[in-house]
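This is structure.pdb. It holds PDB, C-alpha atoms.
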```pdb
ATOM      1  CA  MET A 116     -11.150  17.865 -10.194
ATOM      2  CA  THR A 117      -7.953  16.846  -8.444
ATOM      3  CA  GLY A 118      -6.581  17.468  -4.987
ATOM      4  CA  THR A 119      -6.187  15.753  -1.681
ATOM      5  CA  ASP A 120      -9.163  14.280   0.088
ATOM      6  CA  GLU A 121      -9.051  17.146   2.551
ATOM      7  CA  GLN A 122      -9.145  19.675  -0.294
ATOM      8  CA  LEU A 123     -12.155  17.903  -1.748
ATOM      9  CA  ILE A 124     -13.965  18.126   1.569
ATOM     10  CA  GLU A 125     -13.199  21.832   1.676
ATOM     11  CA  GLY A 126     -14.594  22.140  -1.834
ATOM     12  CA  ILE A 127     -17.732  20.220  -0.912
ATOM     13  CA  ALA A 128     -18.227  22.427   2.120
ATOM     14  CA  GLY A 129     -18.108  25.344  -0.315
ATOM     15  CA  GLY A 130     -20.770  23.762  -2.519
ATOM     16  CA  SER A 131     -18.566  22.231  -5.236
ATOM     17  CA  GLU A 132     -20.383  19.437  -7.053
ATOM     18  CA  ALA A 133     -17.144  18.567  -8.890
ATOM     19  CA  ALA A 134     -15.444  17.927  -5.562
ATOM     20  CA  LEU A 135     -18.280  15.631  -4.506
ATOM     21  CA  ARG A 136     -18.074  13.723  -7.786
ATOM     22  CA  THR A 137     -14.339  13.236  -7.357
ATOM     23  CA  LEU A 138     -14.789  12.034  -3.796
ATOM     24  CA  GLU A 139     -17.442   9.641  -5.044
ATOM     25  CA  GLN A 140     -15.057   8.278  -7.676
ATOM     26  CA  ARG A 141     -12.474   7.637  -4.987
ATOM     27  CA  TYR A 142     -14.673   6.059  -2.350
ATOM     28  CA  ALA A 143     -18.070   4.942  -3.646
ATOM     29  CA  ASP A 144     -17.031   1.402  -4.513
ATOM     30  CA  ARG A 145     -15.155   0.873  -1.243
ATOM     31  CA  LEU A 146     -18.101   2.112   0.779
ATOM     32  CA  TYR A 147     -20.471  -0.018  -1.279
ATOM     33  CA  ARG A 148     -18.444  -3.205  -0.819
ATOM     34  CA  TYR A 149     -18.124  -2.678   2.909
ATOM     35  CA  ALA A 150     -21.866  -2.029   3.179
ATOM     36  CA  LEU A 151     -22.658  -5.041   1.011
ATOM     37  CA  CYS A 152     -20.603  -7.347   3.231
ATOM     38  CA  ARG A 153     -22.437  -6.019   6.284
ATOM     39  CA  LEU A 154     -25.935  -5.864   4.847
ATOM     40  CA  GLY A 155     -25.965  -8.689   2.299
ATOM     41  CA  HIS A 156     -28.311  -6.749   0.066
ATOM     42  CA  ALA A 157     -27.135  -4.818  -2.988
ATOM     43  CA  ASP A 158     -29.875  -2.195  -3.018
ATOM     44  CA  GLU A 159     -29.513  -1.489   0.672
ATOM     45  CA  ALA A 160     -25.719  -1.326   0.323
ATOM     46  CA  ARG A 161     -26.042   1.157  -2.529
ATOM     47  CA  ASP A 162     -28.440   3.225  -0.453
ATOM     48  CA  ALA A 163     -26.089   3.177   2.548
ATOM     49  CA  ALA A 164     -23.192   4.359   0.381
ATOM     50  CA  GLN A 165     -25.421   7.017  -1.150
ATOM     51  CA  ASP A 166     -26.599   8.138   2.281
ATOM     52  CA  THR A 167     -22.954   8.440   3.314
ATOM     53  CA  LEU A 168     -22.168  10.756   0.417
ATOM     54  CA  LEU A 169     -25.331  12.722   1.061
ATOM     55  CA  ALA A 170     -24.217  13.187   4.659
ATOM     56  CA  VAL A 171     -20.863  14.425   3.367
ATOM     57  CA  TRP A 172     -22.631  16.847   1.014
ATOM     58  CA  THR A 173     -24.749  18.276   3.789
ATOM     59  CA  GLY A 174     -22.179  18.060   6.569
ATOM     60  CA  ALA A 175     -18.744  18.571   5.021
ATOM     61  CA  ASP A 176     -18.194  21.638   7.159
ATOM     62  CA  GLY A 177     -18.387  19.325  10.182
ATOM     63  CA  PHE A 178     -15.167  17.570   9.152
ATOM     64  CA  GLU A 179     -12.618  18.785  11.656
ATOM     65  CA  GLY A 180      -9.538  17.174  10.158
ATOM     66  CA  ASP A 181      -8.555  15.268  13.271
ATOM     67  CA  SER A 182      -8.837  12.005  11.336
ATOM     68  CA  SER A 183      -8.284  11.076   7.709
ATOM     69  CA  VAL A 184     -11.140  11.563   5.273
ATOM     70  CA  SER A 185     -11.356   7.811   4.608
ATOM     71  CA  THR A 186     -11.712   7.144   8.324
ATOM     72  CA  TRP A 187     -14.399   9.808   8.597
ATOM     73  CA  LEU A 188     -16.296   8.399   5.606
ATOM     74  CA  PHE A 189     -16.246   4.829   6.889
ATOM     75  CA  GLY A 190     -17.391   6.029  10.298
ATOM     76  CA  ILE A 191     -20.421   7.655   8.663
ATOM     77  CA  CYS A 192     -21.055   4.614   6.487
ATOM     78  CA  ARG A 193     -20.857   2.310   9.497
ATOM     79  CA  ASN A 194     -23.577   4.345  11.193
ATOM     80  CA  LYS A 195     -25.755   4.237   8.073
ATOM     81  CA  VAL A 196     -25.300   0.459   7.894
ATOM     82  CA  GLY A 197     -26.144   0.151  11.579
ATOM     83  CA  ASP A 198     -29.372   2.108  11.072
ATOM     84  CA  ARG A 199     -30.392  -0.206   8.267
ATOM     85  CA  LEU A 200     -29.548  -3.340  10.222
ATOM     86  CA  ARG A 201     -31.710  -2.185  13.104
ATOM     87  CA  ARG A 202     -34.619  -1.380  10.810
ATOM     88  CA  ARG A 203     -34.269  -4.683   8.987
ATOM     89  CA  ARG A 204     -34.268  -6.711  12.171
ATOM     90  CA  ALA A 205     -37.639  -5.242  12.935
ATOM     91  CA  ARG A 206     -38.865  -6.523   9.555
ATOM     92  CA  GLU A 207     -36.869  -9.788   9.508
ATOM     93  CA  GLU A 208     -36.162  -9.649   5.781
ATOM     94  CA  PRO A 209     -34.248 -12.466   4.062
ATOM     95  CA  LEU A 210     -30.634 -11.914   3.037
ATOM     96  CA  GLU A 211     -30.285 -11.421  -0.682
ATOM     97  CA  LEU A 212     -26.539 -12.009  -0.640
ATOM     98  CA  ALA A 213     -26.795 -15.471   0.889
ATOM     99  CA  GLN A 214     -29.264 -16.474  -1.776
ATOM    100  CA  ALA A 215     -27.048 -15.106  -4.540
ATOM    101  CA  LEU A 216     -23.942 -16.874  -3.219
ATOM    102  CA  ALA A 217     -25.818 -20.161  -3.012
ATOM    103  CA  ARG A 218     -26.492 -19.917  -6.746
ATOM    104  CA  LEU A 219     -22.821 -19.533  -7.747
ATOM    105  CA  ASP A 220     -21.002 -22.510  -9.281
ATOM    106  CA  HIS A 221     -18.229 -22.453  -6.690
ATOM    107  CA  GLY A 222     -19.928 -20.411  -4.045
ATOM    108  CA  GLU A 223     -19.866 -22.980  -1.238
ATOM    109  CA  ASP A 224     -16.795 -21.544   0.477
ATOM    110  CA  ALA A 225     -18.016 -17.972   0.092
ATOM    111  CA  LEU A 226     -21.452 -18.947   1.362
ATOM    112  CA  GLN A 227     -20.013 -20.750   4.386
ATOM    113  CA  LEU A 228     -17.877 -17.728   5.240
ATOM    114  CA  TRP A 229     -20.820 -15.406   4.762
ATOM    115  CA  GLN A 230     -22.985 -17.563   7.032
ATOM    116  CA  CYS A 231     -20.288 -17.638   9.723
ATOM    117  CA  LEU A 232     -19.792 -13.865   9.468
ATOM    118  CA  SER A 233     -23.525 -13.466   9.902
ATOM    119  CA  GLN A 234     -23.391 -15.378  13.184
ATOM    120  CA  LEU A 235     -20.898 -12.944  14.672
ATOM    121  CA  SER A 236     -22.052  -9.986  16.711
ATOM    122  CA  ASP A 237     -22.312  -6.704  14.818
ATOM    123  CA  ASP A 238     -19.092  -5.477  16.428
ATOM    124  CA  ASP A 239     -17.144  -8.623  15.591
ATOM    125  CA  HIS A 240     -18.490  -8.696  12.026
ATOM    126  CA  ASP A 241     -17.495  -5.072  11.596
ATOM    127  CA  LEU A 242     -13.978  -5.581  12.944
ATOM    128  CA  VAL A 243     -13.229  -8.574  10.732
ATOM    129  CA  LEU A 244     -14.353  -6.685   7.621
ATOM    130  CA  LEU A 245     -12.647  -3.409   8.450
ATOM    131  CA  VAL A 246      -9.342  -5.109   9.249
ATOM    132  CA  LEU A 247      -9.036  -8.210   7.082
ATOM    133  CA  TYR A 248     -11.197  -7.121   4.130
ATOM    134  CA  CYS A 249     -10.852  -3.338   3.986
ATOM    135  CA  GLY A 250      -7.290  -3.265   5.328
ATOM    136  CA  PHE A 251      -7.584  -0.426   7.823
ATOM    137  CA  SER A 252      -4.915   0.157  10.464
ATOM    138  CA  GLN A 253      -5.545  -0.038  14.217
ATOM    139  CA  GLN A 254      -5.668   3.732  14.471
ATOM    140  CA  GLN A 255      -8.104   4.026  11.589
ATOM    141  CA  VAL A 256     -10.433   1.363  12.984
ATOM    142  CA  ALA A 257     -10.269   3.067  16.361
ATOM    143  CA  ARG A 258     -11.441   6.308  14.726
ATOM    144  CA  ILE A 259     -14.166   4.602  12.718
ATOM    145  CA  ILE A 260     -15.617   2.680  15.644
ATOM    146  CA  GLY A 261     -14.804   5.181  18.338
ATOM    147  CA  ILE A 262     -12.870   2.998  20.762
ATOM    148  CA  PRO A 263      -9.184   3.049  21.815
ATOM    149  CA  ALA A 264      -6.641   1.463  19.465
ATOM    150  CA  GLY A 265      -5.580  -1.016  22.136
ATOM    151  CA  THR A 266      -9.160  -2.191  22.486
ATOM    152  CA  VAL A 267      -9.425  -2.530  18.720
ATOM    153  CA  LYS A 268      -6.376  -4.779  18.760
ATOM    154  CA  SER A 269      -7.679  -7.179  21.400
ATOM    155  CA  ARG A 270     -11.273  -7.199  20.125
ATOM    156  CA  THR A 271     -10.111  -7.924  16.580
ATOM    157  CA  HIS A 272      -8.061 -10.823  17.881
ATOM    158  CA  TYR A 273     -11.033 -12.387  19.644
ATOM    159  CA  ALA A 274     -13.407 -11.622  16.759
ATOM    160  CA  ARG A 275     -11.109 -13.447  14.353
ATOM    161  CA  ARG A 276     -10.809 -16.411  16.690
ATOM    162  CA  ARG A 277     -14.574 -16.604  17.106
ATOM    163  CA  LEU A 278     -14.988 -16.554  13.331
ATOM    164  CA  GLN A 279     -12.392 -19.284  12.900
ATOM    165  CA  ARG A 280     -14.140 -21.445  15.501
ATOM    166  CA  LEU A 281     -17.431 -21.000  13.648
ATOM    167  CA  MET A 282     -15.750 -22.004  10.404
ATOM    168  CA  ASP A 283     -14.343 -25.078  12.113
ATOM    169  CA  GLY A 284     -17.872 -26.056  13.035
ATOM    170  CA  GLY A 285     -17.835 -24.723  16.593
ATOM    171  CA  ASP A 286     -20.272 -22.298  18.173
ATOM    172  CA  GLY A 287     -17.943 -19.288  18.140
ATOM    173  CA  GLY A 288     -18.390 -18.768  21.851
ATOM    174  CA  GLY A 289     -15.687 -17.714  24.290
TER     175      GLY A 289
ATOM    176  CA  MET B  21      -0.943 -20.544  25.468
ATOM    177  CA  ASP B  22       1.241 -18.091  27.362
ATOM    178  CA  ASN B  23       1.026 -14.305  27.414
ATOM    179  CA  LEU B  24       3.681 -13.931  24.739
ATOM    180  CA  CYS B  25       1.681 -16.106  22.353
ATOM    181  CA  ASP B  26      -1.438 -14.090  23.086
ATOM    182  CA  GLU B  27       0.395 -10.830  22.393
ATOM    183  CA  VAL B  28       1.903 -12.165  19.196
ATOM    184  CA  GLN B  29      -1.403 -13.538  17.951
ATOM    185  CA  GLN B  30      -2.972 -10.111  18.426
ATOM    186  CA  LEU B  31      -0.507  -8.822  15.831
ATOM    187  CA  ILE B  32      -1.540 -11.306  13.160
ATOM    188  CA  PRO B  33      -4.434  -9.366  11.538
ATOM    189  CA  TRP B  34      -2.335  -6.217  11.236
ATOM    190  CA  VAL B  35       0.654  -8.031   9.771
ATOM    191  CA  LEU B  36      -1.643  -9.728   7.277
ATOM    192  CA  ASN B  37      -3.374  -6.504   6.204
ATOM    193  CA  GLY B  38      -0.046  -4.720   5.819
ATOM    194  CA  THR B  39      -0.580  -1.999   8.419
ATOM    195  CA  ALA B  40       1.638  -3.369  11.214
ATOM    196  CA  GLY B  41       4.859  -1.503  11.901
ATOM    197  CA  VAL B  42       8.174  -3.101  11.070
ATOM    198  CA  ALA B  43       8.890  -3.917  14.711
ATOM    199  CA  ASP B  44       5.594  -5.779  15.061
ATOM    200  CA  GLN B  45       6.160  -7.649  11.805
ATOM    201  CA  ARG B  46       9.565  -8.781  12.952
ATOM    202  CA  ALA B  47       8.342  -9.713  16.416
ATOM    203  CA  LEU B  48       5.682 -11.935  14.913
ATOM    204  CA  HIS B  49       7.947 -13.597  12.391
ATOM    205  CA  ARG B  50      10.663 -14.196  14.971
ATOM    206  CA  HIS B  51       8.145 -15.790  17.312
ATOM    207  CA  ILE B  52       6.489 -18.098  14.798
ATOM    208  CA  VAL B  53       9.846 -19.578  13.890
ATOM    209  CA  GLU B  54       9.967 -20.976  17.411
ATOM    210  CA  CYS B  55       6.295 -21.529  18.245
ATOM    211  CA  ALA B  56       4.320 -24.145  16.347
ATOM    212  CA  GLU B  57       0.975 -23.070  17.803
ATOM    213  CA  CYS B  58       1.355 -19.454  16.706
ATOM    214  CA  ARG B  59       2.723 -20.590  13.339
ATOM    215  CA  ARG B  60      -0.427 -22.634  12.866
ATOM    216  CA  GLU B  61      -2.592 -19.693  13.954
ATOM    217  CA  PHE B  62      -0.847 -17.408  11.486
ATOM    218  CA  GLY B  63      -1.512 -19.889   8.684
ATOM    219  CA  ARG B  64      -5.176 -20.181   9.666
ATOM    220  CA  ALA B  65      -5.567 -16.410   9.693
ATOM    221  CA  MET B  66      -3.898 -16.147   6.294
ATOM    222  CA  ILE B  67      -6.332 -18.683   4.888
ATOM    223  CA  LEU B  68      -9.223 -16.743   6.435
ATOM    224  CA  GLN B  69      -8.035 -13.550   4.789
ATOM    225  CA  ARG B  70      -7.798 -15.329   1.423
ATOM    226  CA  ARG B  71     -11.318 -16.638   1.876
ATOM    227  CA  LEU B  72     -12.529 -13.106   2.561
ATOM    228  CA  GLU B  73     -10.913 -12.084  -0.716
ATOM    229  CA  THR B  74     -12.692 -14.988  -2.388
ATOM    230  CA  LEU B  75     -15.954 -13.791  -0.899
ATOM    231  CA  GLY B  76     -15.201 -10.352  -2.316
ATOM    232  CA  ARG B  77     -14.581 -11.845  -5.742
ATOM    233  CA  ALA B  78     -17.789 -13.831  -5.458
ATOM    234  CA  LEU B  79     -19.511 -10.504  -5.023
ATOM    235  CA  GLY B  80     -17.962  -9.440  -8.308
ATOM    236  CA  ASP B  81     -15.278  -7.323  -6.700
ATOM    237  CA  MET B  82     -11.740  -7.087  -5.541
ATOM    238  CA  PRO B  83     -10.991  -6.342  -1.870
ATOM    239  CA  CYS B  84     -11.395  -2.680  -1.085
ATOM    240  CA  GLU B  85      -7.856  -2.418   0.268
ATOM    241  CA  GLU B  86      -6.794  -2.657  -3.369
ATOM    242  CA  ALA B  87      -8.129   0.834  -3.877
ATOM    243  CA  ASP B  88      -5.633   3.634  -3.822
ATOM    244  CA  ARG B  89      -4.314   3.649  -0.283
ATOM    245  CA  ALA B  90      -2.885   7.099   0.184
ATOM    246  CA  PRO B  91      -1.042   7.195   3.485
ATOM    247  CA  ASP B  92      -3.298   8.483   6.237
ATOM    248  CA  ALA B  93      -2.266  10.627   9.144
ATOM    249  CA  GLU B  94      -2.969   7.762  11.555
ATOM    250  CA  ASP B  95      -0.632   5.541   9.574
ATOM    251  CA  ALA B  96       2.275   7.928   9.638
ATOM    252  CA  GLN B  97       3.876   6.257  12.593
ATOM    253  CA  ASP B  98       3.699   2.893  10.837
ATOM    254  CA  ALA B  99       4.769   4.176   7.484
ATOM    255  CA  GLN B 100       8.335   2.954   7.538
ATOM    256  CA  SER B 101       8.886   0.309   4.941
ATOM    257  CA  GLN B 102      11.808  -2.029   5.277
ATOM    258  CA  GLY B 103      12.498  -5.419   3.796
ATOM    259  CA  LEU B 104      12.156  -8.540   5.879
ATOM    260  CA  SER B 105      15.234 -10.407   6.906
ATOM    261  CA  GLU B 106      16.115 -13.793   5.451
ATOM    262  CA  ARG B 107      15.088 -15.301   8.770
ATOM    263  CA  ASP B 108      11.660 -13.650   8.477
ATOM    264  CA  VAL B 109      11.197 -14.989   4.973
ATOM    265  CA  VAL B 110      12.189 -18.496   6.028
ATOM    266  CA  ALA B 111       9.626 -18.331   8.812
ATOM    267  CA  ILE B 112       6.882 -17.296   6.428
ATOM    268  CA  VAL B 113       7.774 -19.959   3.876
ATOM    269  CA  GLU B 114       7.786 -22.624   6.576
ATOM    270  CA  THR B 115       4.425 -21.396   7.784
ATOM    271  CA  VAL B 116       2.404 -21.156   4.624
ATOM    272  CA  GLY B 117       4.466 -22.915   1.976
ATOM    273  CA  LEU B 118       6.514 -21.551  -0.888
ATOM    274  CA  PRO B 119       3.729 -21.340  -3.518
ATOM    275  CA  VAL B 120       1.650 -19.061  -1.296
ATOM    276  CA  VAL B 121       4.619 -16.788  -0.628
ATOM    277  CA  VAL B 122       5.535 -16.611  -4.310
ATOM    278  CA  ALA B 123       1.934 -15.853  -5.268
ATOM    279  CA  ALA B 124       1.729 -13.139  -2.626
ATOM    280  CA  GLY B 125       5.016 -11.668  -3.843
ATOM    281  CA  LEU B 126       3.825 -11.566  -7.430
ATOM    282  CA  ARG B 127       0.619  -9.834  -6.389
ATOM    283  CA  LEU B 128       2.607  -7.299  -4.413
ATOM    284  CA  VAL B 129       4.909  -6.571  -7.352
ATOM    285  CA  ALA B 130       1.911  -6.170  -9.657
ATOM    286  CA  ARG B 131       0.309  -3.788  -7.189
ATOM    287  CA  VAL B 132       3.446  -1.729  -6.756
ATOM    288  CA  ARG B 133       3.883  -1.406 -10.504
ATOM    289  CA  GLY B 134       0.309  -0.310 -10.865
ATOM    290  CA  LEU B 135      -0.439  -3.247 -13.146
ATOM    291  CA  GLN B 136      -3.307  -4.420 -11.002
ATOM    292  CA  ARG B 137      -5.945  -1.800 -10.504
ATOM    293  CA  PRO B 138      -9.075  -2.384  -8.488
ATOM    294  CA  SER B 139     -12.219  -3.089 -10.366
ATOM    295  CA  ARG B 140     -14.820  -0.439  -9.801
ATOM    296  CA  VAL B 141     -18.468  -0.786  -9.081
ATOM    297  CA  GLU B 142     -20.174   1.684 -11.316
ATOM    298  CA  ILE B 143     -22.840   3.254  -9.167
ATOM    299  CA  PRO B 144     -23.881   6.755 -10.080
ATOM    300  CA  LEU B 145     -24.346   7.678  -6.454
ATOM    301  CA  VAL B 146     -24.022  11.384  -6.946
ATOM    302  CA  GLU B 147     -26.625  11.255  -9.702
ATOM    303  CA  CYS B 148     -29.077  10.024  -7.116
ATOM    304  CA  ILE B 149     -28.359  12.799  -4.670
ATOM    305  CA  GLU B 150     -30.410  15.890  -5.152
ATOM    306  CA  LEU B 151     -27.730  18.551  -5.299
TER     307      LEU B 151
END
```
The structure in this file should be written as structure tokens.
Amino acid sequence: MTGTDEQLIEGIAGGSEAALRTLEQRYADRLYRYALCRLGHADEARDAAQDTLLAVWTGADGFEGDSSVSTWLFGICRNKVGDRLRRRRAREEPLELAQALARLDHGEDALQLWQCLSQLSDDDHDLVLLVLYCGFSQQQVARIIGIPAGTVKSRTHYARRRLQRLMDGGDGGG
Amino acid sequence: MDNLCDEVQQLIPWVLNGTAGVADQRALHRHIVECAECRREFGRAMILQRRLETLGRALGDMPCEEADRAPDAEDAQDAQSQGLSERDVVAIVETVGLPVVVAAGLRLVARVRGLQRPSRVEIPLVECIEL
């Protein structure tokens, strides 16, 4: 099935499995990679991406078209990731991703970055990934997170600086 | 650091991820020609972004911004695409070095020509959803 993202959402709202499959082809890997960078656990990331698509399947008629579909999807996925992070903190499970990176031949840099990202607050971690990894614009991030674009701009600036201080061996404070 | 530096440094992530408007791109590049501190900060941020890409590759992936980026409604106001001036290019080369700029240019050309497609993670998500 072809069509714009908005047409696919319309199709999904009408019960079209083909539209859902096409949307999955377009977005599943992006959602998965974002979730993986937040969660550090492949199975949980897959589940978060799957939960996002399930939410689209059951709630496509709630898409009002005042943002792009990609922004809407990442907003849902961010909430699914947040739910999982809160549940995990209650269980204090180890991070699979950190262990996997440590086993790579040249994974030291990636592991250091991952460890520094993990020390950021959830909001800072999210901003760095959405902007510098996923490549979203200020307006898109504002929609995804639900804060004004101007706030996104300043918070992203300070989140990046905190991350850089951590990578320089500082405490990331300030 | 004065207010101008602070304002300019807030533009850095958006210039690096390619979503800044032309005016913001030019403002940043004009400023870093004159300001060593902001030039250094731009270079540090560029290295950070490259390390995030490396992290993505370590996960067996390419960055998700490689995926087909159809222009979104929110991006419409930033959608103008104009070339950088010679002065802008000189500023970038002085900041990060010629090899980095050349490499970035080659990647951009490959992307524009559609030669470099994002790798996909094959996850049959829909198969797992009870339709």
### Message
Ranking A:Ala134, A:Ala160, A:Leu168, A:Ile127 by minimum distance to chain B and counting all atoms listed in the file, which one comes first?
### Response
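Once distances to chain B are computed over all atoms listed in the file, the minimum belongs to A:Leu168.
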### Task
Would you kindly return, as a list in words, each protein, DNA or RNA residue with an atom no farther than 12 Å from any atom of His51 (chain B), considering all atoms listed in the file and excluding same-chain residues fewer than 4 positions away?
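In the requested format, the answer is Leu24, Cys25, Asp26, Glu27, Val28, Gln29, Leu31, Ile32, Asp44, Gln45, Arg46, Ala47, Cys55, Ala56, Glu57, Cys58, Arg59, Arg60, Glu61, Phe62, Arg107, Asp108, Ala111, Ile112 and Thr115 of chain B.
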### Query
Mind telling me what the PyMOL selection byres ((chain A and resi 261-275) around 8) catches here, as a list of chain:residue names?
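Going through the file, the PyMOL selection byres ((chain A and resi 261-275) around 8) ends up selecting A:Leu235, A:Asp239, A:His240, A:Leu242, A:Val243, A:Val246, A:Gln253, A:Gln254, A:Val256, A:Ala257, A:Arg258, A:Ile259, A:Ile260, A:Arg276, A:Arg277, A:Leu278, A:Gln279, B:Gln29, B:Gln30, B:Leu31, B:Pro33, B:Ala65.
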### Message
From the options B:Glu54, B:Asp22, B:His49, B:Val35, which residue's atoms come nearest to chain A, counting only C-alpha atoms?
### Response
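That would be B:Val35, the residue with the smallest distance to chain A.
CA of Asp198 (chain A) to CA of Leu212 (chain A) spans 18.6 Å [interatomic distance, one decimal].
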Find the residues in chain A near chain B: any atom within 7 Å counts, using only C-alpha atoms. Write them as a PDB file with C-alpha atoms, in the frame of the given file.
```pdb
ATOM      1  CA  ARG A 136     -18.074  13.723  -7.786  1.00  0.00           C
ATOM      2  CA  ASP A 144     -17.031   1.402  -4.513  1.00  0.00           C
ATOM      3  CA  ARG A 145     -15.155   0.873  -1.243  1.00  0.00           C
ATOM      4  CA  GLN A 165     -25.421   7.017  -1.150  1.00  0.00           C
ATOM      5  CA  LEU A 169     -25.331  12.722   1.061  1.00  0.00           C
ATOM      6  CA  SER A 183      -8.284  11.076   7.709  1.00  0.00           C
ATOM      7  CA  ALA A 225     -18.016 -17.972   0.092  1.00  0.00           C
ATOM      8  CA  VAL A 246      -9.342  -5.109   9.249  1.00  0.00           C
ATOM      9  CA  LEU A 247      -9.036  -8.210   7.082  1.00  0.00           C
ATOM     10  CA  TYR A 248     -11.197  -7.121   4.130  1.00  0.00           C
ATOM     11  CA  CYS A 249     -10.852  -3.338   3.986  1.00  0.00           C
ATOM     12  CA  GLY A 250      -7.290  -3.265   5.328  1.00  0.00           C
ATOM     13  CA  SER A 252      -4.915   0.157  10.464  1.00  0.00           C
ATOM     14  CA  GLN A 254      -5.668   3.732  14.471  1.00  0.00           C
ATOM     15  CA  GLN A 255      -8.104   4.026  11.589  1.00  0.00           C
ATOM     16  CA  LYS A 268      -6.376  -4.779  18.760  1.00  0.00           C
ATOM     17  CA  SER A 269      -7.679  -7.179  21.400  1.00  0.00           C
ATOM     18  CA  HIS A 272      -8.061 -10.823  17.881  1.00  0.00           C
TER      19      HIS A 272
END
```
Please, what is the axis-aligned box for every listed atom of region 257-269 of chain A with 4 Å on each side, as centre and edge lengths in Å to one decimal, as lines of an AutoDock Vina configuration file?
```
center_x = -10.6
center_y = -0.4
center_z = 17.6
size_x = 18.0
size_y = 21.5
size_z = 17.8
```
### Task
Figure out the distance between CA of Leu244 (chain A) and CA of Arg218 (chain A), please, to one decimal in Å.
23.0 Å
### Interatomic distance (Å, one decimal) between CA of Asp120 (chain A) and CA of Gly177 (chain A)
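Value for the CA of Asp120 (chain A)-CA of Gly177 (chain A) distance: 14.6 Å.
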### Query
What residues come out when you apply the PyMOL selection byres ((chain A and resi 284-286) around 12) to this file, written as a ChimeraX atom specification?
/A:227-228,230-231,234-235,276-283,287-289
Who sits within 9 Å of Thr167 (chain A), only C-alpha atoms, same chain under 4 positions skipped, as a JSON list (two decimals) with C-alpha atoms, keeping the file's coordinate frame:
```json
[["chain", "number", "residue", "atom", "x", "y", "z"],
["A", 146, "LEU", "CA", -18.10, 2.11, 0.78],
["A", 162, "ASP", "CA", -28.44, 3.22, -0.45],
["A", 163, "ALA", "CA", -26.09, 3.18, 2.55],
["A", 171, "VAL", "CA", -20.86, 14.42, 3.37],
["A", 172, "TRP", "CA", -22.63, 16.85, 1.01],
["A", 188, "LEU", "CA", -16.30, 8.40, 5.61],
["A", 189, "PHE", "CA", -16.25, 4.83, 6.89],
["A", 191, "ILE", "CA", -20.42, 7.66, 8.66],
["A", 192, "CYS", "CA", -21.06, 4.61, 6.49],
["A", 193, "ARG", "CA", -20.86, 2.31, 9.50],
["A", 194, "ASN", "CA", -23.58, 4.34, 11.19],
["A", 195, "LYS", "CA", -25.76, 4.24, 8.07]]
```
